[in-house]
Amino acid sequence: MRPTVSPRDLLLLVILLLGAGTLLAVSRGRAGVQPPVQSLGRPLLALPRLGLDLLAGGWDAVAGILRHHAERDRLHADLDASRRENAQLRQQAAEADRLRAELALTHRLPRPGLVARVIGAEAAGWPGELFLDRGADAGCFRYQSVAALAPDGRLVYVGRLAEVTGNLARLRPVICGGMRVPALLKNSNRRGVILAGEGGRDCHLLYVPHEIAVAPGEEVLTSGEVDFIPPGLLLGTVREALDVSSSPFRAVTVTPALDPYTLDAVVVLTAGAAP
Amino acid sequence: MRRWWRWPAAGLGLLVAQTALFPALGTSWWTPDLFLVATAAVAFFSDPRRGQMAGFGAGFLQDLFASVPLGFHAFTKTLLGFLLGFTNRFFYRDHPLALPLAVFLASWAENALAAALAAAFGLEPQPLLLWQRPLANALVALAVDRLWRRWAPPAGGRRR
């Protein structure tokens with residue numbers, strides 16, 4: 001189909017183009033009517049602009065809130081990660097401190113031993129056994145003597161290993177009922193006495209004849225008369241010594257030199273010991 | 001009932017959108033020329049007479065609020081409205097991409113006309129926008145095509 005244009009349309013086109021061209025020629029380089037029209041239209045356009053500005057401002061606020069929420073979540077995640085990392089570093093630092101302390105303790109030991117950490121206590125009654133972090137894998141075995149280092153650097157007998165598994169050992173403290181340790185009164189050098197745990201805070205020294213002078217404060221040592229208990233380890237001090245007329249022996253109460261339940265590290269004595 | 005207020009309202013809406021909405025969104029070469037799209041839509045779906053009248057009206061309104069001499073856009077858009085109304089028979093107008101294509105071509109044509117007019121009248125040279133604004137105009141025309149087919153009154157006695 002051929003496009004056709006009516007003469008009226010062409011005439012209208014010419015008129016409009018002439019009008020526009022005249023306007024263009026007249027208004028070129030002059031202020032013309034645009035500034036007044038624009039100033040008149042400014043209030044008209046101000047309202048939609050204000051609405052748009054409000055909309056944009058509201059959207060900016062929402063976007064800002066969303067952005068802040070995302071930033072807060074990211075910061076929370078970073079903080080959690082930092083806390084986890086901090087906890088790991090603290091754990092590693094504590095482990096390093098522990099290993100350093102164990103090494104120092106090992107160097108200070110007057111006799112060979114294996115430093116072990118007390119990692120728990122038996123939950124059934126008191127006094128109960130303690131758990132050590134060393135076991136058969138580290139060369140420990142049942143009945144091995146366990147000592148601890150006193151503040152003055154002396155080794156104190158704490159108890160013996162009651163049970164040993166791969167990487168765990170149970171320490172039975174000397175105050176537990178049934179514990180018997182051959183002992184020696186330091187002042188009189190009296191042998192043949194037995195330190196007996198009775199399940200209380202103190203122990204009793206058995207088989208001390210009446211003719212042996214025992215004074216409160218006297219030290220009691222291990223006599224070393226059985227295997228796995230080296231001689232000369234401090235057991236405790238005499239708290240009281242009573243004469244009981246109905247018995248051929250004195251009733252001697254001994255306070256242990258260390259409370260085993262306050263210890264963090266102990267020493268499993270190894271010298272000369274063999275299963 | 002003659003709804004005479006439609007054209008002024010449409011012009012006002014275009015004016016508000018062109019001078020308030022787009023500047024608020026940030027002016028760039030991607031900003032579409034709504035007056036051109038409106039002129040092209042009227043001319044494309046009607047005839048040369050309505051096309052050139054719409055072009056003159058839209059261009060004059062645009063001139064009032066633009067920083068070019070009065071009559072600049074009126075001239076270019078009148079000519080474009082006439083040409084598009086004259087050549088709309090060459091397009092398959094039922095196709096949804098016909099109007100965007102026509103608007104894309106019209107954008108190029110207006111760019112060339114504006115450059116020629118600026119040179120002829122010794123005005124500031126117009127920037128050559130080969131892709132950005134024609135493409136933006138075509139995208140707007142795609143939406144206008146849908147709206148026109150749904151809501152526009154029958155043009156030239158034909159209901160589309």
# chains A, B, ... in the order shown; residues from 1 in each chain; ligands from 1
$ interface_residues --of "chain B" --to "chain A" --cutoff "9 Å" --atoms "only C-alpha atoms" --output "ChimeraX atom specification"
/B:15-17,19-21,24-25,48-49,52-53,56,60,63-76,78-79,82,86-90,121,123
$ write_last_selection --atoms "C-alpha atoms" --output "compact mmCIF listing (two decimals), in the first residue's frame"
# COMPACT_ATOMS: atom_id res chain seq x y z
CA LEU B 15 6.49 17.04 32.14
CA VAL B 16 6.52 15.94 35.76
CA ALA B 17 8.13 12.62 34.91
CA THR B 19 11.67 17.14 34.79
CA ALA B 20 11.08 15.78 38.30
CA LEU B 21 11.30 12.01 38.22
CA ALA B 24 15.72 12.70 40.97
CA LEU B 25 16.91 9.34 39.72
CA PRO B 48 0.57 12.15 10.21
CA ARG B 49 -1.79 14.92 11.30
CA GLN B 52 2.79 16.25 13.94
CA MET B 53 0.35 17.99 16.29
CA PHE B 56 4.61 20.14 18.17
CA PHE B 60 6.94 23.06 22.72
CA ASP B 63 11.22 23.66 25.11
CA LEU B 64 9.56 25.61 27.90
CA PHE B 65 11.47 23.68 30.52
CA ALA B 66 14.68 22.98 28.64
CA SER B 67 17.83 25.02 28.23
CA VAL B 68 17.57 25.30 24.45
CA PRO B 69 15.96 28.11 22.42
CA LEU B 70 12.20 27.97 22.20
CA GLY B 71 11.04 25.98 19.15
CA PHE B 72 14.06 23.69 18.98
CA HIS B 73 12.33 20.51 20.13
CA ALA B 74 9.03 21.67 18.66
CA PHE B 75 10.66 21.71 15.24
CA THR B 76 12.35 18.33 15.50
CA THR B 78 6.89 18.01 14.64
CA LEU B 79 8.93 16.68 11.79
CA PHE B 82 4.83 13.70 10.71
CA PHE B 86 3.51 8.93 7.36
CA THR B 87 5.64 5.80 7.45
CA ASN B 88 3.81 3.78 10.10
CA ARG B 89 2.22 1.66 7.39
CA PHE B 90 5.60 0.14 6.66
CA PHE B 121 21.14 28.12 13.76
CA LEU B 123 23.55 26.76 18.55
$ residues_around --residues "Ala141 of chain B" --least-positions-apart "4" --cutoff "10 Å" --atoms "only C-alpha atoms" --output "ChimeraX atom specification"
/B:32,34,36-38,40-41,96-104,135-137,145-148
$ write_last_selection --atoms "N, CA, C and O atoms" --output "compact mmCIF listing (two decimals), in the first residue's frame"
# COMPACT_ATOMS: atom_id res chain seq x y z
N PRO B 32 15.66 8.42 29.36
CA PRO B 32 14.85 8.41 28.14
C PRO B 32 14.19 9.77 27.91
O PRO B 32 13.99 10.55 28.83
N LEU B 34 10.91 11.12 27.20
CA LEU B 34 9.51 10.70 27.21
C LEU B 34 8.68 11.45 26.18
O LEU B 34 7.71 10.90 25.64
N LEU B 36 9.64 12.37 23.24
CA LEU B 36 9.86 11.70 21.96
C LEU B 36 9.05 10.40 21.89
O LEU B 36 8.42 10.10 20.86
N VAL B 37 9.05 9.63 22.98
CA VAL B 37 8.32 8.36 22.99
C VAL B 37 6.82 8.62 22.81
O VAL B 37 6.14 7.92 22.06
N ALA B 38 6.33 9.68 23.50
CA ALA B 38 4.90 9.99 23.38
C ALA B 38 4.54 10.41 21.97
O ALA B 38 3.55 9.96 21.38
N ALA B 40 6.17 9.66 19.24
CA ALA B 40 6.29 8.50 18.36
C ALA B 40 5.09 7.56 18.52
O ALA B 40 4.59 7.00 17.54
N ALA B 41 4.61 7.39 19.76
CA ALA B 41 3.48 6.48 19.99
C ALA B 41 2.22 7.01 19.33
O ALA B 41 1.48 6.26 18.66
N PRO B 96 4.63 -6.52 19.09
CA PRO B 96 4.98 -5.72 20.27
C PRO B 96 6.33 -5.01 20.15
O PRO B 96 6.59 -4.07 20.90
N LEU B 97 7.18 -5.44 19.24
CA LEU B 97 8.49 -4.79 19.10
C LEU B 97 8.49 -3.73 18.01
O LEU B 97 9.53 -3.09 17.76
N ALA B 98 7.34 -3.54 17.37
CA ALA B 98 7.29 -2.57 16.27
C ALA B 98 7.49 -1.15 16.79
O ALA B 98 8.31 -0.38 16.23
N LEU B 99 6.75 -0.78 17.83
CA LEU B 99 6.90 0.57 18.37
C LEU B 99 8.30 0.82 18.93
O LEU B 99 8.90 1.87 18.63
N PRO B 100 8.86 -0.11 19.73
CA PRO B 100 10.24 0.12 20.18
C PRO B 100 11.22 0.31 19.03
O PRO B 100 12.10 1.17 19.10
N LEU B 101 11.04 -0.47 17.95
CA LEU B 101 11.94 -0.31 16.81
C LEU B 101 11.76 1.07 16.18
O LEU B 101 12.75 1.76 15.87
N ALA B 102 10.51 1.48 16.04
CA ALA B 102 10.24 2.80 15.46
C ALA B 102 10.81 3.90 16.34
O ALA B 102 11.39 4.88 15.84
N VAL B 103 10.67 3.75 17.64
CA VAL B 103 11.19 4.75 18.56
C VAL B 103 12.72 4.79 18.51
O VAL B 103 13.33 5.86 18.57
N PHE B 104 13.30 3.61 18.40
CA PHE B 104 14.77 3.55 18.30
C PHE B 104 15.24 4.32 17.06
O PHE B 104 16.17 5.14 17.14
N LEU B 135 18.31 3.40 23.06
CA LEU B 135 17.96 2.13 23.69
C LEU B 135 17.01 2.35 24.88
O LEU B 135 16.04 1.61 25.07
N ALA B 136 17.28 3.39 25.67
CA ALA B 136 16.40 3.71 26.79
C ALA B 136 15.01 4.07 26.29
O ALA B 136 13.98 3.63 26.85
N ASN B 137 14.96 4.87 25.21
CA ASN B 137 13.66 5.23 24.62
C ASN B 137 12.92 3.98 24.14
O ASN B 137 11.71 3.85 24.33
N ASP B 145 3.89 0.62 24.59
CA ASP B 145 3.13 -0.20 23.64
C ASP B 145 2.07 -1.04 24.35
O ASP B 145 0.92 -1.12 23.92
N ARG B 146 2.48 -1.64 25.47
CA ARG B 146 1.52 -2.47 26.23
C ARG B 146 0.39 -1.60 26.78
O ARG B 146 -0.79 -1.97 26.71
N LEU B 147 0.78 -0.43 27.34
CA LEU B 147 -0.23 0.46 27.93
C LEU B 147 -1.17 0.99 26.84
O LEU B 147 -2.38 1.08 27.03
N TRP B 148 -0.60 1.33 25.72
CA TRP B 148 -1.40 1.91 24.64
C TRP B 148 -2.44 0.90 24.15
O TRP B 148 -3.60 1.23 23.94
$ select_by_dssp --residues "segment 57-134 of chain B" --states "helix (DSSP H, G or I)" --output "PyMOL selection string"
chain B and resi 57-64+72-90+98-121+132-134
$ write_last_selection --atoms "C-alpha atoms" --output "short mmCIF file (atom, residue, chain, number, x, y, z; two decimals), in the first residue's frame"
data_model
loop_
_atom_site.label_atom_id
_atom_site.label_comp_id
_atom_site.auth_asym_id
_atom_site.auth_seq_id
_atom_site.Cartn_x
_atom_site.Cartn_y
_atom_site.Cartn_z
CA GLY B 57 2.79 20.17 21.51
CA ALA B 58 5.25 17.85 23.22
CA GLY B 59 8.25 19.64 21.74
CA PHE B 60 6.94 23.06 22.72
CA LEU B 61 6.26 21.88 26.26
CA GLN B 62 9.74 20.40 26.39
CA ASP B 63 11.22 23.66 25.11
CA LEU B 64 9.56 25.61 27.90
CA PHE B 72 14.06 23.69 18.98
CA HIS B 73 12.33 20.51 20.13
CA ALA B 74 9.03 21.67 18.66
CA PHE B 75 10.66 21.71 15.24
CA THR B 76 12.35 18.33 15.50
CA LYS B 77 9.42 16.54 17.07
CA THR B 78 6.89 18.01 14.64
CA LEU B 79 8.93 16.68 11.79
CA LEU B 80 9.39 13.34 13.50
CA GLY B 81 5.68 13.04 14.30
CA PHE B 82 4.83 13.70 10.71
CA LEU B 83 7.41 11.28 9.33
CA LEU B 84 6.44 8.50 11.71
CA GLY B 85 2.74 9.01 11.04
CA PHE B 86 3.51 8.93 7.36
CA THR B 87 5.64 5.80 7.45
CA ASN B 88 3.81 3.78 10.10
CA ARG B 89 2.22 1.66 7.39
CA PHE B 90 5.60 0.14 6.66
CA ALA B 98 7.29 -2.57 16.27
CA LEU B 99 6.90 0.57 18.37
CA PRO B 100 10.24 0.12 20.18
CA LEU B 101 11.94 -0.31 16.81
CA ALA B 102 10.24 2.80 15.46
CA VAL B 103 11.19 4.75 18.56
CA PHE B 104 14.77 3.55 18.30
CA LEU B 105 14.96 4.76 14.69
CA ALA B 106 13.16 7.99 15.60
CA SER B 107 15.72 8.65 18.33
CA TRP B 108 18.50 8.44 15.80
CA ALA B 109 16.57 10.63 13.42
CA GLU B 110 15.93 13.23 16.11
CA ASN B 111 19.58 13.18 17.06
CA ALA B 112 20.58 13.86 13.49
CA LEU B 113 17.89 16.55 13.12
CA ALA B 114 18.98 18.25 16.35
CA ALA B 115 22.60 18.25 15.24
CA ALA B 116 21.66 19.70 11.86
CA LEU B 117 19.38 22.31 13.41
CA ALA B 118 22.03 23.33 15.95
CA ALA B 119 24.54 23.73 13.13
CA ALA B 120 22.09 25.68 11.00
CA PHE B 121 21.14 28.12 13.76
CA GLN B 132 22.24 4.86 25.20
CA ARG B 133 19.28 7.17 24.83
CA PRO B 134 17.77 5.38 21.77
#
$ residues_around --residues "segment 179-187 of chain A" --least-positions-apart "3" --cutoff "8 Å" --atoms "only C-alpha atoms" --output "VMD selection string"
chain A and resid 173 to 176 190 to 198 218 to 226
$ write_last_selection --atoms "N, CA, C and O atoms" --output "JSON list (two decimals), in the first residue's frame"
[["chain", "number", "residue", "atom", "x", "y", "z"],
["A", 173, "PRO", "N", 44.53, -41.51, 96.77],
["A", 173, "PRO", "CA", 45.30, -40.72, 97.76],
["A", 173, "PRO", "C", 45.50, -41.52, 99.04],
["A", 173, "PRO", "O", 44.75, -42.45, 99.35],
["A", 174, "VAL", "N", 46.47, -41.08, 99.78],
["A", 174, "VAL", "CA", 46.87, -41.82, 100.98],
["A", 174, "VAL", "C", 45.81, -41.74, 102.08],
["A", 174, "VAL", "O", 45.78, -42.57, 102.99],
["A", 175, "ILE", "N", 44.92, -40.76, 102.01],
["A", 175, "ILE", "CA", 43.90, -40.63, 103.07],
["A", 175, "ILE", "C", 42.71, -41.56, 102.84],
["A", 175, "ILE", "O", 41.82, -41.65, 103.68],
["A", 176, "CYS", "N", 42.67, -42.25, 101.70],
["A", 176, "CYS", "CA", 41.54, -43.14, 101.42],
["A", 176, "CYS", "C", 41.58, -44.34, 102.37],
["A", 176, "CYS", "O", 42.66, -44.82, 102.76],
["A", 190, "ARG", "N", 62.35, -44.40, 113.84],
["A", 190, "ARG", "CA", 61.64, -45.64, 114.18],
["A", 190, "ARG", "C", 60.96, -46.21, 112.94],
["A", 190, "ARG", "O", 60.14, -45.53, 112.30],
["A", 191, "ARG", "N", 61.32, -47.42, 112.59],
["A", 191, "ARG", "CA", 60.68, -48.10, 111.47],
["A", 191, "ARG", "C", 59.60, -49.03, 111.97],
["A", 191, "ARG", "O", 59.42, -49.20, 113.17],
["A", 192, "GLY", "N", 58.92, -49.68, 111.04],
["A", 192, "GLY", "CA", 57.92, -50.66, 111.41],
["A", 192, "GLY", "C", 56.56, -50.08, 111.71],
["A", 192, "GLY", "O", 55.66, -50.78, 112.16],
["A", 193, "VAL", "N", 56.42, -48.83, 111.46],
["A", 193, "VAL", "CA", 55.10, -48.22, 111.66],
["A", 193, "VAL", "C", 54.42, -48.08, 110.30],
["A", 193, "VAL", "O", 55.06, -48.08, 109.26],
["A", 194, "ILE", "N", 53.14, -48.03, 110.39],
["A", 194, "ILE", "CA", 52.33, -48.01, 109.16],
["A", 194, "ILE", "C", 51.44, -46.78, 109.19],
["A", 194, "ILE", "O", 50.75, -46.54, 110.19],
["A", 195, "LEU", "N", 51.46, -46.05, 108.10],
["A", 195, "LEU", "CA", 50.52, -44.94, 107.97],
["A", 195, "LEU", "C", 49.26, -45.49, 107.31],
["A", 195, "LEU", "O", 49.34, -46.09, 106.24],
["A", 196, "ALA", "N", 48.16, -45.29, 107.96],
["A", 196, "ALA", "CA", 46.90, -45.88, 107.48],
["A", 196, "ALA", "C", 45.89, -44.79, 107.19],
["A", 196, "ALA", "O", 45.63, -43.92, 108.03],
["A", 197, "GLY", "N", 45.34, -44.86, 105.99],
["A", 197, "GLY", "CA", 44.26, -43.95, 105.66],
["A", 197, "GLY", "C", 42.95, -44.48, 106.22],
["A", 197, "GLY", "O", 42.69, -45.68, 106.14],
["A", 198, "GLU", "N", 42.15, -43.57, 106.77],
["A", 198, "GLU", "CA", 40.91, -44.01, 107.41],
["A", 198, "GLU", "C", 39.68, -43.38, 106.76],
["A", 198, "GLU", "O", 38.58, -43.45, 107.30],
["A", 218, "GLU", "N", 56.19, -33.63, 114.53],
["A", 218, "GLU", "CA", 57.26, -34.47, 114.02],
["A", 218, "GLU", "C", 56.90, -34.98, 112.62],
["A", 218, "GLU", "O", 55.75, -35.33, 112.34],
["A", 219, "GLU", "N", 57.90, -35.01, 111.76],
["A", 219, "GLU", "CA", 57.63, -35.43, 110.38],
["A", 219, "GLU", "C", 57.59, -36.94, 110.27],
["A", 219, "GLU", "O", 58.33, -37.65, 110.96],
["A", 220, "VAL", "N", 56.75, -37.42, 109.39],
["A", 220, "VAL", "CA", 56.65, -38.85, 109.09],
["A", 220, "VAL", "C", 57.03, -39.04, 107.63],
["A", 220, "VAL", "O", 56.49, -38.36, 106.75],
["A", 221, "LEU", "N", 57.97, -39.98, 107.39],
["A", 221, "LEU", "CA", 58.48, -40.20, 106.03],
["A", 221, "LEU", "C", 58.17, -41.61, 105.59],
["A", 221, "LEU", "O", 57.81, -42.48, 106.39],
["A", 222, "THR", "N", 58.31, -41.85, 104.29],
["A", 222, "THR", "CA", 58.18, -43.23, 103.80],
["A", 222, "THR", "C", 59.46, -43.97, 104.15],
["A", 222, "THR", "O", 60.56, -43.41, 104.10],
["A", 223, "SER", "N", 59.28, -45.25, 104.48],
["A", 223, "SER", "CA", 60.46, -46.03, 104.90],
["A", 223, "SER", "C", 61.09, -46.77, 103.74],
["A", 223, "SER", "O", 62.25, -47.19, 103.83],
["A", 224, "GLY", "N", 60.33, -46.93, 102.62],
["A", 224, "GLY", "CA", 60.89, -47.60, 101.45],
["A", 224, "GLY", "C", 61.05, -49.08, 101.62],
["A", 224, "GLY", "O", 61.90, -49.69, 100.96],
["A", 225, "GLU", "N", 60.25, -49.69, 102.45],
["A", 225, "GLU", "CA", 60.42, -51.12, 102.72],
["A", 225, "GLU", "C", 59.64, -52.00, 101.75],
["A", 225, "GLU", "O", 59.71, -53.22, 101.82],
["A", 226, "VAL", "N", 58.88, -51.42, 100.88],
["A", 226, "VAL", "CA", 58.16, -52.21, 99.86],
["A", 226, "VAL", "C", 58.50, -51.63, 98.50],
["A", 226, "VAL", "O", 59.00, -50.52, 98.37]]
$ select_by_dssp --residues "segment 24-154 of chain A" --states "strand (DSSP E)" --output "PyMOL selection string"
chain A and resi 113-121+130-132+145-149
$ write_last_selection --atoms "C-alpha atoms" --output "PDB file, in the first residue's frame"
ATOM      1  CA  GLY A 113      59.442 -38.976  87.493  1.00  0.00           C
ATOM      2  CA  LEU A 114      56.717 -38.434  84.986  1.00  0.00           C
ATOM      3  CA  VAL A 115      54.675 -35.272  85.411  1.00  0.00           C
ATOM      4  CA  ALA A 116      50.939 -35.882  85.119  1.00  0.00           C
ATOM      5  CA  ARG A 117      48.013 -33.511  85.256  1.00  0.00           C
ATOM      6  CA  VAL A 118      45.062 -34.045  87.552  1.00  0.00           C
ATOM      7  CA  ILE A 119      42.091 -33.862  85.210  1.00  0.00           C
ATOM      8  CA  GLY A 120      39.248 -34.919  87.470  1.00  0.00           C
ATOM      9  CA  ALA A 121      38.022 -36.580  90.601  1.00  0.00           C
ATOM     10  CA  LEU A 130      41.669 -38.706  91.193  1.00  0.00           C
ATOM     11  CA  PHE A 131      42.114 -39.034  87.446  1.00  0.00           C
ATOM     12  CA  LEU A 132      45.477 -38.376  85.825  1.00  0.00           C
ATOM     13  CA  SER A 145      53.891 -44.214  93.674  1.00  0.00           C
ATOM     14  CA  VAL A 146      52.662 -40.711  93.048  1.00  0.00           C
ATOM     15  CA  ALA A 147      54.193 -37.679  94.704  1.00  0.00           C
ATOM     16  CA  ALA A 148      53.846 -33.932  94.508  1.00  0.00           C
ATOM     17  CA  LEU A 149      56.274 -31.124  94.914  1.00  0.00           C
TER      18      LEU A 149
END
$ atom_distance --atom1 "atom CA of Ala150 of chain A" --atom2 "atom CA of Asn167 of chain A"
25.8 Å
$ residues_around --residues "Asp137 of chain A" --least-positions-apart "5" --cutoff "9 Å" --atoms "only C-alpha atoms" --output "ChimeraX atom specification"
/A:165-168
$ write_last_selection --atoms "all heavy atoms" --output "CSV table (one decimal), in the first residue's frame"
chain,number,residue,atom,x,y,z
A,165,THR,N,44.8,-47.3,82.5
A,165,THR,CA,44.4,-47.6,81.2
A,165,THR,C,45.3,-46.9,80.2
A,165,THR,O,46.3,-46.4,80.6
A,165,THR,CB,42.9,-47.2,81.0
A,165,THR,OG1,42.8,-45.8,81.2
A,165,THR,CG2,42.0,-48.0,81.9
A,166,GLY,N,44.9,-46.9,78.9
A,166,GLY,CA,45.7,-46.4,77.8
A,166,GLY,C,46.3,-45.0,78.1
A,166,GLY,O,47.5,-44.9,78.2
A,167,ASN,N,45.4,-44.1,78.3
A,167,ASN,CA,45.9,-42.7,78.5
A,167,ASN,C,45.4,-42.1,79.8
A,167,ASN,O,45.2,-40.9,79.9
A,167,ASN,CB,45.6,-41.8,77.3
A,167,ASN,CG,44.2,-41.8,77.0
A,167,ASN,OD1,43.4,-42.5,77.7
A,167,ASN,ND2,43.8,-41.1,76.0
A,168,LEU,N,45.0,-42.9,80.7
A,168,LEU,CA,44.3,-42.5,81.9
A,168,LEU,C,44.8,-43.3,83.1
A,168,LEU,O,45.0,-44.5,82.9
A,168,LEU,CB,42.8,-42.5,81.8
A,168,LEU,CG,42.0,-41.8,82.8
A,168,LEU,CD1,42.0,-40.3,82.5
A,168,LEU,CD2,40.5,-42.2,82.7
$ atom_distance --atom1 "atom CA of Val42 of chain B" --atom2 "atom CA of Arg149 of chain B"
11.8 Å
$ atom_distance --atom1 "atom CA of His95 of chain B" --atom2 "atom CA of Arg150 of chain B"
14.3 Å
$ residues_around --residues "Thr253 of chain A" --least-positions-apart "5" --cutoff "6 Å" --atoms "only C-alpha atoms" --output "ChimeraX atom specification"
/A:203-204,238-240
